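*Asks:* Encoded as structure tokens, here's the structure I'll be asking about.
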Amino acid sequence: MNKKIDVACAIIEKDGMVLAAQRSESMSLPLKWEFPGGKIEPREDARDCLERELMEELGVGIHIHAALSPSSWRYPDFAITLHPFVCTLKPGTIHLVEHKAIRWIRPEEMGRLDWAEADGPVLENYFRYLGQRVD
Ligand SMILES: Nc1nc2c([nH]c(=O)n2[C@@H]2O[C@H](COP(=O)(O)OP(=O)(O)OP(=O)(O)O)[C@@H](O)[C@H]2O)c(=O)[nH]1
């Protein structure tokens with residue numbers, strides 16, 4: 001049976017923009033855009049995982065404001081459940097450790113990037129959340 005992974009990912013907001021991160025050539029799903037985050041370790045809480053991954057990948061702390069519904073996707077060689085969280089950054093400077101690039105983009109521009117396939121349902125979920133949110 002193909003492997004199944006659970007991944008926590010951060011939809012980081014700032015001034016009406018959202019942070020998208022591009023995977024590097026050497027990673028799986030090279031050059032695809034994603035929300036930073038990573039695999040949840042056995043017995044690890046998804047929020048703890050996200051804080052750990054963001055510190056490892058971008059060198060920043062986060063505030064987690066909302067959990068969106070998890071969504072699942074089947075790639076040819078593995079199945080994934082993404083656990084998205086809407087976040088903001090704690091003060092600090094982003095350092096790219098693994099990613100090729102990051103971009104701050106407006107939600108309405110997000111569809112233009114070449115996202116990892118599993119992120120399609122996450123984007124839909126996020127747009128639904130934005131539609132319902134009262135700021
Ligand atoms: N962080 C993150 N990972 C995603 C997203 N969408 C998506 O399909 N993934 C996949 O989920 C996995 C995340 O695990 P990871 O970040 O710990 O993986 P990695 O590249 O170190 O994994 P690998 O070394 O096993 O390939 C990757 O295979 C990645 O391609 C997303 O929006 N954010």
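Convention: chains lettered A, B, ... in structure tokens order; per-chain residue numbering from 1; ligands numbered from 1 as shown.
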Give me the residues near region 108-111 of chain A as a PyMOL selection string, where near means some atom within 12 Å (using only C-alpha atoms) and where sequence neighbours in that chain fewer than 2 positions away do not count.
*Replies:* chain A and resi 11+16-21+33-35+103-106+113-117+119-124+126-127+130
*Asks:* For ligand 1, collect every residue having any atom at a distance of at most 10 Å from a ligand atom (counting only C-alpha atoms and all ligand atoms); output as number ranges by chain.
*Replies:* A: 5-11, 20-24, 26-41, 50, 53-54, 57, 72-75, 77-84, 98-99, 115-120, 122-123
*Asks:* Could you state the separation of CA of Tyr129 (chain A) and CA of Arg47 (chain A) in Å, given to one decimal place?
*Replies:* 18.8 Å
*Asks:* Check the smallest atom-to-atom distance from each of A:Thr93, A:Asn125, A:Glu56, A:Arg133 to Ser71 (chain A) using only C-alpha atoms, then report the winner.
*Replies:*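 The closest residue to Ser71 (chain A) is A:Asn125.
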*Asks:* Looking at only C-alpha atoms, which of A:Asp48, A:Lys3, A:Gly131, A:Gly61 is the one that sits closest to His95 (chain A)?
*Replies:*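 Selected residue with least distance to His95 (chain A): A:Gly61.
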*Asks:* Give me the residues within 7 Å of Ala66 (chain A) as a CSV table (one decimal) with C-alpha atoms, in the first residue's frame, counting only C-alpha atoms and dropping any in the same chain fewer than 2 places off.
*Replies:*
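For reference, around21.csv as written:
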chain,number,residue,atom,x,y,z
A,64,ILE,CA,-2.0,30.5,14.8
A,68,LEU,CA,-9.4,25.1,8.4
A,85,PHE,CA,-3.9,26.9,9.7
A,86,VAL,CA,-4.4,30.6,9.2
*Asks:* Find the distance between CA of Arg112 (chain A) and CA of Lys4 (chain A) and write it in Å to one decimal.
*Replies:*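 Computing it gives 28.2 Å between the two atoms.
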*Asks:* Can you pull out every residue from chain A that DSSP, working from the backbone, puts in helix (DSSP H, G or I), and format the result as an mmCIF file with C-alpha atoms, in the first residue's frame?
*Replies:*
data_model
loop_
_atom_site.group_PDB
_atom_site.id
_atom_site.type_symbol
_atom_site.label_atom_id
_atom_site.label_comp_id
_atom_site.auth_asym_id
_atom_site.auth_seq_id
_atom_site.Cartn_x
_atom_site.Cartn_y
_atom_site.Cartn_z
ATOM 1 C CA ALA A 46 -0.456 19.593 14.389
ATOM 2 C CA ARG A 47 0.020 23.098 15.825
ATOM 3 C CA ASP A 48 3.307 22.164 17.513
ATOM 4 C CA CYS A 49 4.433 20.643 14.224
ATOM 5 C CA LEU A 50 3.618 23.832 12.347
ATOM 6 C CA GLU A 51 5.552 26.020 14.774
ATOM 7 C CA ARG A 52 8.520 23.654 14.574
ATOM 8 C CA GLU A 53 8.475 23.467 10.758
ATOM 9 C CA LEU A 54 8.184 27.228 10.282
ATOM 10 C CA MET A 55 11.141 27.782 12.577
ATOM 11 C CA GLU A 56 13.155 25.131 10.693
ATOM 12 C CA GLU A 57 12.192 26.226 7.173
ATOM 13 C CA LEU A 58 11.874 30.002 7.439
ATOM 14 C CA PRO A 107 -5.757 36.009 -2.396
ATOM 15 C CA GLU A 108 -7.255 36.755 -5.811
ATOM 16 C CA GLU A 109 -3.822 36.184 -7.423
ATOM 17 C CA MET A 110 -3.224 32.841 -5.762
ATOM 18 C CA GLY A 111 -4.795 30.856 -8.591
ATOM 19 C CA ARG A 112 -2.070 32.055 -10.983
ATOM 20 C CA ASP A 119 -3.375 22.471 -2.397
ATOM 21 C CA GLY A 120 -6.352 22.959 -4.735
ATOM 22 C CA PRO A 121 -8.886 21.996 -2.042
ATOM 23 C CA VAL A 122 -6.944 24.051 0.547
ATOM 24 C CA LEU A 123 -7.244 27.172 -1.603
ATOM 25 C CA GLU A 124 -10.993 26.577 -2.032
ATOM 26 C CA ASN A 125 -11.320 26.129 1.689
ATOM 27 C CA TYR A 126 -9.415 29.325 2.381
ATOM 28 C CA PHE A 127 -11.556 31.345 -0.058
ATOM 29 C CA ARG A 128 -14.673 30.009 1.678
ATOM 30 C CA TYR A 129 -13.173 31.027 5.040
ATOM 31 C CA LEU A 130 -12.410 34.545 3.727
ATOM 32 C CA GLY A 131 -15.973 34.841 2.447
ATOM 33 C CA GLN A 132 -17.359 34.029 5.891
#
*Asks:* Distance CA of Glu44 (chain A)-CA of Pro91 (chain A), one decimal place?
*Replies:* 25.2 Å
*Asks:* Among the residues of chain A, find those DSSP assigns to strand (DSSP E) from the backbone and print them as a PyMOL selection string.
*Replies:* chain A and resi 3-14+17-22+33-34+37-39+62-67+71-74+78-89+101-105
*Asks:* I need the chosen residues saved as a short mmCIF file (atom, residue, chain, number, x, y, z; two decimals), in the first residue's frame, with N, CA and C atoms.
*Replies:*
data_model
loop_
_atom_site.label_atom_id
_atom_site.label_comp_id
_atom_site.auth_asym_id
_atom_site.auth_seq_id
_atom_site.Cartn_x
_atom_site.Cartn_y
_atom_site.Cartn_z
N LYS A 3 2.28 5.02 0.86
CA LYS A 3 2.33 5.65 2.18
C LYS A 3 1.34 6.81 2.27
N LYS A 4 0.98 7.09 3.50
CA LYS A 4 -0.02 8.11 3.79
C LYS A 4 0.62 9.07 4.78
N ILE A 5 0.61 10.36 4.47
CA ILE A 5 1.23 11.31 5.40
C ILE A 5 0.25 12.41 5.79
N ASP A 6 0.46 12.93 6.98
CA ASP A 6 -0.30 14.09 7.46
C ASP A 6 0.67 15.26 7.51
N VAL A 7 0.25 16.37 6.92
CA VAL A 7 1.13 17.54 6.80
C VAL A 7 0.39 18.78 7.33
N ALA A 8 1.04 19.51 8.21
CA ALA A 8 0.48 20.79 8.70
C ALA A 8 1.04 21.89 7.82
N CYS A 9 0.19 22.84 7.42
CA CYS A 9 0.70 23.93 6.58
C CYS A 9 0.11 25.26 7.02
N ALA A 10 0.87 26.33 6.78
CA ALA A 10 0.53 27.66 7.30
C ALA A 10 0.11 28.59 6.18
N ILE A 11 -1.12 29.11 6.30
CA ILE A 11 -1.57 30.18 5.40
C ILE A 11 -1.28 31.46 6.17
N ILE A 12 -0.14 32.09 5.84
CA ILE A 12 0.33 33.23 6.62
C ILE A 12 -0.16 34.52 5.98
N GLU A 13 -0.87 35.31 6.77
CA GLU A 13 -1.45 36.55 6.25
C GLU A 13 -0.67 37.77 6.75
N LYS A 14 -0.58 38.78 5.87
CA LYS A 14 0.00 40.07 6.28
C LYS A 14 -0.55 41.15 5.37
N MET A 17 -2.30 40.20 2.29
CA MET A 17 -1.57 39.30 1.38
C MET A 17 -1.34 37.97 2.08
N VAL A 18 -0.96 36.97 1.28
CA VAL A 18 -0.71 35.63 1.80
C VAL A 18 0.65 35.17 1.31
N LEU A 19 1.36 34.43 2.15
CA LEU A 19 2.69 33.96 1.77
C LEU A 19 2.63 32.62 1.05
N ALA A 20 3.18 32.59 -0.16
CA ALA A 20 3.32 31.34 -0.90
C ALA A 20 4.80 31.02 -0.99
N ALA A 21 5.15 29.74 -0.89
CA ALA A 21 6.56 29.33 -0.92
C ALA A 21 6.76 28.34 -2.07
N GLN A 22 7.88 28.54 -2.79
CA GLN A 22 8.15 27.66 -3.93
C GLN A 22 9.16 26.59 -3.54
N TRP A 33 4.38 25.47 -5.94
CA TRP A 33 4.12 26.41 -4.84
C TRP A 33 3.30 25.72 -3.77
N GLU A 34 3.54 26.09 -2.53
CA GLU A 34 2.86 25.44 -1.40
C GLU A 34 2.78 26.43 -0.25
N GLY A 37 5.35 24.39 5.78
CA GLY A 37 4.90 23.44 6.80
C GLY A 37 5.62 22.12 6.59
N GLY A 38 5.07 21.05 7.10
CA GLY A 38 5.72 19.76 6.90
C GLY A 38 5.01 18.64 7.63
N LYS A 39 5.64 17.47 7.55
CA LYS A 39 5.00 16.26 8.07
C LYS A 39 4.84 16.30 9.59
N ILE A 62 5.31 31.89 14.63
CA ILE A 62 3.97 32.21 14.10
C ILE A 62 2.94 32.28 15.23
N HIS A 63 1.89 33.06 14.98
CA HIS A 63 0.68 33.01 15.78
C HIS A 63 -0.34 32.23 14.95
N ILE A 64 -1.00 31.26 15.56
CA ILE A 64 -2.01 30.48 14.83
C ILE A 64 -3.39 31.02 15.23
N HIS A 65 -4.18 31.43 14.23
CA HIS A 65 -5.47 32.06 14.52
C HIS A 65 -6.68 31.17 14.25
N ALA A 66 -6.57 30.29 13.26
CA ALA A 66 -7.73 29.45 12.92
C ALA A 66 -7.27 28.18 12.24
N ALA A 67 -8.00 27.11 12.50
CA ALA A 67 -7.73 25.84 11.82
C ALA A 67 -8.79 25.67 10.74
N SER A 71 -7.82 18.50 4.34
CA SER A 71 -8.27 17.95 3.05
C SER A 71 -7.26 16.93 2.55
N SER A 72 -7.77 15.92 1.88
CA SER A 72 -6.92 14.79 1.47
C SER A 72 -6.79 14.76 -0.04
N TRP A 73 -5.63 14.21 -0.47
CA TRP A 73 -5.32 14.13 -1.90
C TRP A 73 -4.47 12.88 -2.12
N ARG A 74 -4.67 12.27 -3.28
CA ARG A 74 -3.85 11.08 -3.57
C ARG A 74 -2.91 11.39 -4.73
N PHE A 78 1.96 8.63 -3.11
CA PHE A 78 1.58 8.74 -1.71
C PHE A 78 0.27 9.50 -1.56
N ALA A 79 -0.34 9.29 -0.41
CA ALA A 79 -1.59 10.01 -0.11
C ALA A 79 -1.28 11.00 1.00
N ILE A 80 -1.93 12.14 0.93
CA ILE A 80 -1.60 13.20 1.89
C ILE A 80 -2.89 13.80 2.46
N THR A 81 -2.86 14.11 3.75
CA THR A 81 -3.91 14.94 4.33
C THR A 81 -3.24 16.22 4.80
N LEU A 82 -3.71 17.34 4.26
CA LEU A 82 -3.16 18.64 4.64
C LEU A 82 -4.03 19.24 5.75
N HIS A 83 -3.37 19.75 6.78
CA HIS A 83 -4.05 20.40 7.91
C HIS A 83 -3.67 21.88 7.87
N PRO A 84 -4.51 22.73 7.27
CA PRO A 84 -4.14 24.13 7.11
C PRO A 84 -4.54 24.99 8.32
N PHE A 85 -3.68 25.93 8.63
CA PHE A 85 -3.93 26.87 9.73
C PHE A 85 -3.69 28.29 9.22
N VAL A 86 -4.60 29.19 9.56
CA VAL A 86 -4.41 30.60 9.20
C VAL A 86 -3.56 31.24 10.29
N CYS A 87 -2.48 31.90 9.89
CA CYS A 87 -1.47 32.38 10.85
C CYS A 87 -1.03 33.81 10.51
N THR A 88 -0.35 34.42 11.47
CA THR A 88 0.44 35.63 11.20
C THR A 88 1.85 35.37 11.73
N LEU A 89 2.80 36.21 11.31
CA LEU A 89 4.19 36.02 11.73
C LEU A 89 4.48 36.78 13.01
N ALA A 101 11.99 30.17 -3.27
CA ALA A 101 11.49 31.56 -3.25
C ALA A 101 10.25 31.64 -2.38
N ILE A 102 9.94 32.86 -1.95
CA ILE A 102 8.62 33.10 -1.35
C ILE A 102 8.02 34.31 -2.05
N ARG A 103 6.71 34.40 -2.00
CA ARG A 103 6.02 35.58 -2.55
C ARG A 103 4.85 35.91 -1.67
N TRP A 104 4.66 37.21 -1.44
CA TRP A 104 3.42 37.67 -0.80
C TRP A 104 2.46 38.01 -1.92
N ILE A 105 1.31 37.38 -1.93
CA ILE A 105 0.36 37.63 -3.01
C ILE A 105 -1.04 37.87 -2.46
#
